Amino acid sequence: MHRRASRNSTITSCIGIDDGPFLPRRLGGSKAPLVAAQLNGPHLVNARVASISVDGLDATSTSLRMLSSLPVRDSPILLAGATFAGFNIINPRVLQRKFRTPTIVVIGSRPNNSAVKRALVGHFPDWRRRWRMLLSLGPLRQARTVQNENPIFYEAFGCRYDEARRILRGWAFVSRIPEPLRVAGLVARGLFPAQPLD
């Protein structure tokens, strides 16, 4: 059951987390950038940049450190999916419990779970652990944030689904992707356009 977070009805701040370009592990990639972008309305007011391991398991702890240095209170947290830098998974429940604010996993298109599982089985000795982590996120819902455009898919933690849809629609300023996620992705690609962090 998803608990409604206690906060003001008007949300003026929101945080998006996305990764940037990286080399796959098979080509020697070891690190990838992770960016948290905080917007007040349309304005970028805070950004944090860190690195995570390609296909590692440090994305949740790294996200916690980045967010702990931001004024998160009453700012929903939007994640650009659940996997970053390959199959490095951010656990949204951990973020929600820590910061007591709605945390929403957002995906532009419905994932192919069969293909995801095949990739995990074929490349990770601990595939069962990672697969359980992904399954535990629950079923995806969909929301149409911009009229006449394809819907986005989401799973919400710390708020009801109707509240999550209002958050996603309210922050979709210029595209169907909510602006904090779009900006986090732009920052990540702008800072690290062609290669991973050392």
# chains A, B, ... in the order shown; residues from 1 in each chain; ligands from 1
>>> select_by_dssp(residues="range 6-150 of chain A", states="strand (DSSP E)", output="PyMOL selection string")
chain A and resi 13-19+31-40+43-53+77-80+83-84+88-89+103-107+141-143
>>> write_last_selection(atoms="N, CA and C atoms", output="compact mmCIF listing (two decimals), in the first residue's frame")
# COMPACT_ATOMS: atom_id res chain seq x y z
N SER A 13 9.32 22.45 -5.78
CA SER A 13 10.66 21.92 -6.04
C SER A 13 10.55 20.44 -6.36
N CYS A 14 11.43 19.98 -7.25
CA CYS A 14 11.42 18.57 -7.64
C CYS A 14 12.84 18.19 -8.07
N ILE A 15 13.22 16.93 -7.83
CA ILE A 15 14.57 16.46 -8.12
C ILE A 15 14.52 15.32 -9.13
N GLY A 16 15.36 15.37 -10.13
CA GLY A 16 15.47 14.29 -11.10
C GLY A 16 16.86 13.67 -11.05
N ILE A 17 16.93 12.35 -11.20
CA ILE A 17 18.20 11.64 -11.21
C ILE A 17 18.33 10.84 -12.50
N ASP A 18 19.43 11.05 -13.21
CA ASP A 18 19.69 10.33 -14.46
C ASP A 18 21.19 10.10 -14.58
N ASP A 19 21.55 9.13 -15.40
CA ASP A 19 22.97 8.88 -15.64
C ASP A 19 23.38 9.49 -16.97
N LYS A 31 33.21 3.20 -14.88
CA LYS A 31 32.46 4.23 -14.15
C LYS A 31 31.52 4.98 -15.09
N ALA A 32 30.45 5.49 -14.51
CA ALA A 32 29.49 6.31 -15.27
C ALA A 32 29.05 7.47 -14.39
N PRO A 33 28.73 8.62 -15.00
CA PRO A 33 28.26 9.76 -14.21
C PRO A 33 26.81 9.58 -13.79
N LEU A 34 26.50 10.07 -12.61
CA LEU A 34 25.13 10.11 -12.11
C LEU A 34 24.86 11.53 -11.66
N VAL A 35 23.75 12.10 -12.12
CA VAL A 35 23.44 13.51 -11.85
C VAL A 35 22.10 13.62 -11.15
N ALA A 36 22.06 14.42 -10.09
CA ALA A 36 20.81 14.81 -9.44
C ALA A 36 20.60 16.30 -9.71
N ALA A 37 19.48 16.64 -10.33
CA ALA A 37 19.17 18.04 -10.67
C ALA A 37 17.90 18.45 -9.92
N GLN A 38 18.00 19.54 -9.17
CA GLN A 38 16.85 20.05 -8.42
C GLN A 38 16.35 21.33 -9.07
N LEU A 39 15.06 21.34 -9.40
CA LEU A 39 14.44 22.50 -10.01
C LEU A 39 13.44 23.14 -9.05
N ASN A 40 13.44 24.47 -9.03
CA ASN A 40 12.34 25.23 -8.43
C ASN A 40 11.56 25.82 -9.60
N HIS A 43 13.43 26.52 -13.00
CA HIS A 43 14.81 26.97 -12.77
C HIS A 43 15.64 25.88 -12.09
N LEU A 44 16.81 25.60 -12.66
CA LEU A 44 17.76 24.69 -12.04
C LEU A 44 18.43 25.42 -10.89
N VAL A 45 18.26 24.92 -9.66
CA VAL A 45 18.81 25.61 -8.49
C VAL A 45 19.93 24.82 -7.82
N ASN A 46 19.96 23.51 -8.02
CA ASN A 46 21.02 22.69 -7.43
C ASN A 46 21.32 21.52 -8.36
N ALA A 47 22.57 21.12 -8.39
CA ALA A 47 22.95 19.92 -9.13
C ALA A 47 24.07 19.22 -8.39
N ARG A 48 24.02 17.92 -8.38
CA ARG A 48 25.08 17.12 -7.78
C ARG A 48 25.52 16.08 -8.79
N VAL A 49 26.83 15.85 -8.87
CA VAL A 49 27.38 14.89 -9.82
C VAL A 49 28.25 13.91 -9.05
N ALA A 50 28.08 12.63 -9.36
CA ALA A 50 28.90 11.59 -8.75
C ALA A 50 29.18 10.54 -9.81
N SER A 51 29.95 9.54 -9.45
CA SER A 51 30.19 8.43 -10.38
C SER A 51 29.73 7.13 -9.72
N ILE A 52 29.24 6.21 -10.54
CA ILE A 52 28.83 4.90 -10.08
C ILE A 52 29.49 3.85 -10.95
N SER A 53 29.54 2.63 -10.45
CA SER A 53 30.19 1.55 -11.17
C SER A 53 29.28 1.01 -12.27
N ILE A 77 11.17 13.01 -5.67
CA ILE A 77 12.36 12.51 -6.34
C ILE A 77 11.93 11.66 -7.52
N LEU A 78 12.39 12.00 -8.72
CA LEU A 78 12.07 11.27 -9.93
C LEU A 78 13.32 10.54 -10.41
N LEU A 79 13.19 9.26 -10.68
CA LEU A 79 14.30 8.45 -11.18
C LEU A 79 14.06 8.10 -12.64
N ALA A 80 15.10 8.24 -13.46
CA ALA A 80 15.00 7.90 -14.88
C ALA A 80 15.15 6.38 -15.02
N THR A 83 17.36 1.23 -13.41
CA THR A 83 18.73 0.78 -13.68
C THR A 83 19.53 1.92 -14.30
N PHE A 84 20.76 2.02 -13.84
CA PHE A 84 21.66 3.09 -14.27
C PHE A 84 23.02 2.46 -14.56
N ASN A 88 23.02 -1.24 -12.76
CA ASN A 88 23.24 -0.74 -11.41
C ASN A 88 21.90 -0.18 -10.93
N ILE A 89 21.28 -0.82 -9.97
CA ILE A 89 19.89 -0.54 -9.62
C ILE A 89 19.80 0.43 -8.45
N THR A 103 8.70 9.25 -4.22
CA THR A 103 9.80 8.83 -5.08
C THR A 103 9.20 8.02 -6.22
N ILE A 104 9.44 8.45 -7.45
CA ILE A 104 8.73 7.89 -8.61
C ILE A 104 9.75 7.44 -9.65
N VAL A 105 9.64 6.18 -10.04
CA VAL A 105 10.44 5.63 -11.13
C VAL A 105 9.71 5.94 -12.44
N VAL A 106 10.40 6.57 -13.38
CA VAL A 106 9.78 7.01 -14.63
C VAL A 106 10.52 6.39 -15.81
N ILE A 107 9.77 5.79 -16.73
CA ILE A 107 10.36 5.14 -17.90
C ILE A 107 9.61 5.63 -19.14
N ARG A 141 2.51 1.64 -13.96
CA ARG A 141 1.31 2.34 -14.42
C ARG A 141 1.71 3.24 -15.58
N GLN A 142 0.73 3.85 -16.22
CA GLN A 142 1.07 4.79 -17.28
C GLN A 142 0.34 6.10 -17.07
N ALA A 143 0.96 7.16 -17.55
CA ALA A 143 0.39 8.50 -17.45
C ALA A 143 0.68 9.25 -18.74
>>> select_by_dssp(residues="chain A", states="alpha helix (DSSP H)", output="number ranges by chain")
A: 59-68, 92-99, 113-123, 127-135, 161-170, 179-191
>>> residues_around(residues="range 121-125 of chain A", least_positions_apart="5", cutoff="10 Å", atoms="only C-alpha atoms", output="ChimeraX atom specification")
/A:55,87,115-116,130-131
>>> write_last_selection(atoms="C-alpha atoms", output="CSV table (one decimal), in the first residue's frame")
chain,number,residue,atom,x,y,z
A,55,ASP,CA,26.9,-2.8,-13.8
A,87,PHE,CA,22.3,-2.8,-14.5
A,115,ALA,CA,14.8,-9.3,-22.6
A,116,VAL,CA,15.9,-7.8,-19.3
A,130,ARG,CA,19.1,-8.2,-9.3
A,131,TRP,CA,16.0,-9.7,-10.9
>>> closest_residue(among="A:Ala85, A:Ala156, A:Val94, A:Leu135", to="Asn113 in chain A", atoms="only C-alpha atoms")
A:Leu135
>>> atom_distance(atom1="CA of Tyr154 in chain A", atom2="CA of Ile177 in chain A")
11.2 Å
>>> atom_distance(atom1="CA of Pro71 in chain A", atom2="CA of Ala184 in chain A")
16.6 Å
>>> closest_residue(among="A:Pro102, A:Arg118, A:Thr12, A:Val183", to="Arg165 in chain A", atoms="only C-alpha atoms")
A:Pro102
>>> atom_distance(atom1="CA of Arg97 in chain A", atom2="CA of Gly158 in chain A")
8.2 Å
>>> residues_around(residues="Pro42 in chain A", least_positions_apart="3", cutoff="9 Å", atoms="only C-alpha atoms", output="JSON, numbers by chain")
{"A": [39, 171, 173, 179, 180]}
>>> decode(residues="range 144-185 of chain A", atoms="N, CA and C atoms", output="compact mmCIF listing (two decimals), in the first residue's frame")
# COMPACT_ATOMS: atom_id res chain seq x y z
N ARG A 144 -0.31 9.95 -19.23
CA ARG A 144 -0.12 10.79 -20.41
C ARG A 144 0.13 12.21 -19.91
N THR A 145 1.38 12.62 -19.97
CA THR A 145 1.76 13.92 -19.42
C THR A 145 1.54 15.06 -20.41
N VAL A 146 1.58 14.74 -21.69
CA VAL A 146 1.36 15.75 -22.74
C VAL A 146 0.32 15.20 -23.71
N GLN A 147 -0.70 15.99 -23.96
CA GLN A 147 -1.77 15.55 -24.85
C GLN A 147 -1.22 15.22 -26.23
N ASN A 148 -1.74 14.16 -26.83
CA ASN A 148 -1.38 13.71 -28.18
C ASN A 148 0.05 13.16 -28.28
N GLU A 149 0.70 12.90 -27.14
CA GLU A 149 2.00 12.23 -27.16
C GLU A 149 1.89 10.91 -26.42
N ASN A 150 2.84 10.02 -26.67
CA ASN A 150 2.81 8.72 -26.02
C ASN A 150 2.90 8.87 -24.51
N PRO A 151 2.29 7.95 -23.77
CA PRO A 151 2.37 8.02 -22.31
C PRO A 151 3.76 7.65 -21.82
N ILE A 152 4.03 8.01 -20.59
CA ILE A 152 5.20 7.50 -19.89
C ILE A 152 4.72 6.45 -18.89
N PHE A 153 5.65 5.66 -18.39
CA PHE A 153 5.30 4.60 -17.44
C PHE A 153 5.99 4.91 -16.12
N TYR A 154 5.33 4.53 -15.02
CA TYR A 154 5.87 4.91 -13.72
C TYR A 154 5.45 3.92 -12.64
N GLU A 155 6.20 3.94 -11.56
CA GLU A 155 5.82 3.28 -10.32
C GLU A 155 6.12 4.25 -9.19
N ALA A 156 5.19 4.38 -8.25
CA ALA A 156 5.27 5.41 -7.22
C ALA A 156 5.44 4.80 -5.84
N PHE A 157 6.23 5.48 -5.02
CA PHE A 157 6.49 5.07 -3.65
C PHE A 157 6.32 6.28 -2.75
N GLY A 158 5.52 6.14 -1.71
CA GLY A 158 5.29 7.24 -0.79
C GLY A 158 4.16 8.17 -1.18
N CYS A 159 3.40 7.80 -2.20
CA CYS A 159 2.22 8.58 -2.58
C CYS A 159 1.28 7.69 -3.36
N ARG A 160 0.03 8.13 -3.48
CA ARG A 160 -0.95 7.38 -4.26
C ARG A 160 -0.68 7.58 -5.74
N TYR A 161 -1.21 6.67 -6.54
CA TYR A 161 -0.95 6.74 -7.98
C TYR A 161 -1.54 8.00 -8.61
N ASP A 162 -2.70 8.43 -8.14
CA ASP A 162 -3.28 9.65 -8.72
C ASP A 162 -2.42 10.87 -8.37
N GLU A 163 -1.84 10.87 -7.19
CA GLU A 163 -0.94 11.96 -6.81
C GLU A 163 0.34 11.92 -7.66
N ALA A 164 0.85 10.72 -7.89
CA ALA A 164 2.04 10.59 -8.74
C ALA A 164 1.76 11.12 -10.14
N ARG A 165 0.59 10.81 -10.69
CA ARG A 165 0.26 11.32 -12.03
C ARG A 165 0.20 12.84 -12.04
N ARG A 166 -0.34 13.43 -10.97
CA ARG A 166 -0.39 14.90 -10.91
C ARG A 166 1.02 15.48 -10.86
N ILE A 167 1.91 14.83 -10.12
CA ILE A 167 3.29 15.32 -10.06
C ILE A 167 3.94 15.24 -11.44
N LEU A 168 3.78 14.10 -12.11
CA LEU A 168 4.42 13.92 -13.42
C LEU A 168 3.87 14.91 -14.44
N ARG A 169 2.55 15.10 -14.45
CA ARG A 169 1.96 16.05 -15.39
C ARG A 169 2.35 17.48 -15.06
N GLY A 170 2.39 17.79 -13.78
CA GLY A 170 2.70 19.16 -13.37
C GLY A 170 4.13 19.59 -13.68
N TRP A 171 5.04 18.60 -13.81
CA TRP A 171 6.44 18.93 -14.08
C TRP A 171 6.84 18.66 -15.53
N ALA A 172 5.88 18.31 -16.38
CA ALA A 172 6.17 18.11 -17.82
C ALA A 172 5.99 19.44 -18.52
N PHE A 173 7.02 20.27 -18.53
CA PHE A 173 6.92 21.63 -19.06
C PHE A 173 7.04 21.68 -20.57
N VAL A 174 8.06 21.03 -21.13
CA VAL A 174 8.35 21.18 -22.55
C VAL A 174 8.34 19.86 -23.30
N SER A 175 8.22 18.74 -22.62
CA SER A 175 8.13 17.44 -23.27
C SER A 175 7.36 16.51 -22.35
N ARG A 176 7.12 15.29 -22.82
CA ARG A 176 6.39 14.35 -21.98
C ARG A 176 7.24 13.84 -20.81
N ILE A 177 8.57 14.01 -20.88
CA ILE A 177 9.45 13.66 -19.79
C ILE A 177 9.47 14.81 -18.78
N PRO A 178 9.19 14.55 -17.51
CA PRO A 178 9.20 15.64 -16.52
C PRO A 178 10.52 16.40 -16.53
N GLU A 179 10.43 17.71 -16.36
CA GLU A 179 11.58 18.58 -16.56
C GLU A 179 12.78 18.25 -15.66
N PRO A 180 12.61 17.88 -14.40
CA PRO A 180 13.81 17.54 -13.62
C PRO A 180 14.60 16.38 -14.21
N LEU A 181 13.92 15.39 -14.77
CA LEU A 181 14.62 14.28 -15.42
C LEU A 181 15.27 14.72 -16.72
N ARG A 182 14.57 15.54 -17.48
CA ARG A 182 15.12 16.01 -18.75
C ARG A 182 16.39 16.83 -18.49
N VAL A 183 16.34 17.69 -17.48
CA VAL A 183 17.50 18.53 -17.16
C VAL A 183 18.65 17.69 -16.62
N ALA A 184 18.36 16.72 -15.75
CA ALA A 184 19.42 15.85 -15.23
C ALA A 184 20.12 15.13 -16.37
N GLY A 185 19.35 14.65 -17.34
CA GLY A 185 19.94 13.98 -18.49
C GLY A 185 20.78 14.92 -19.34
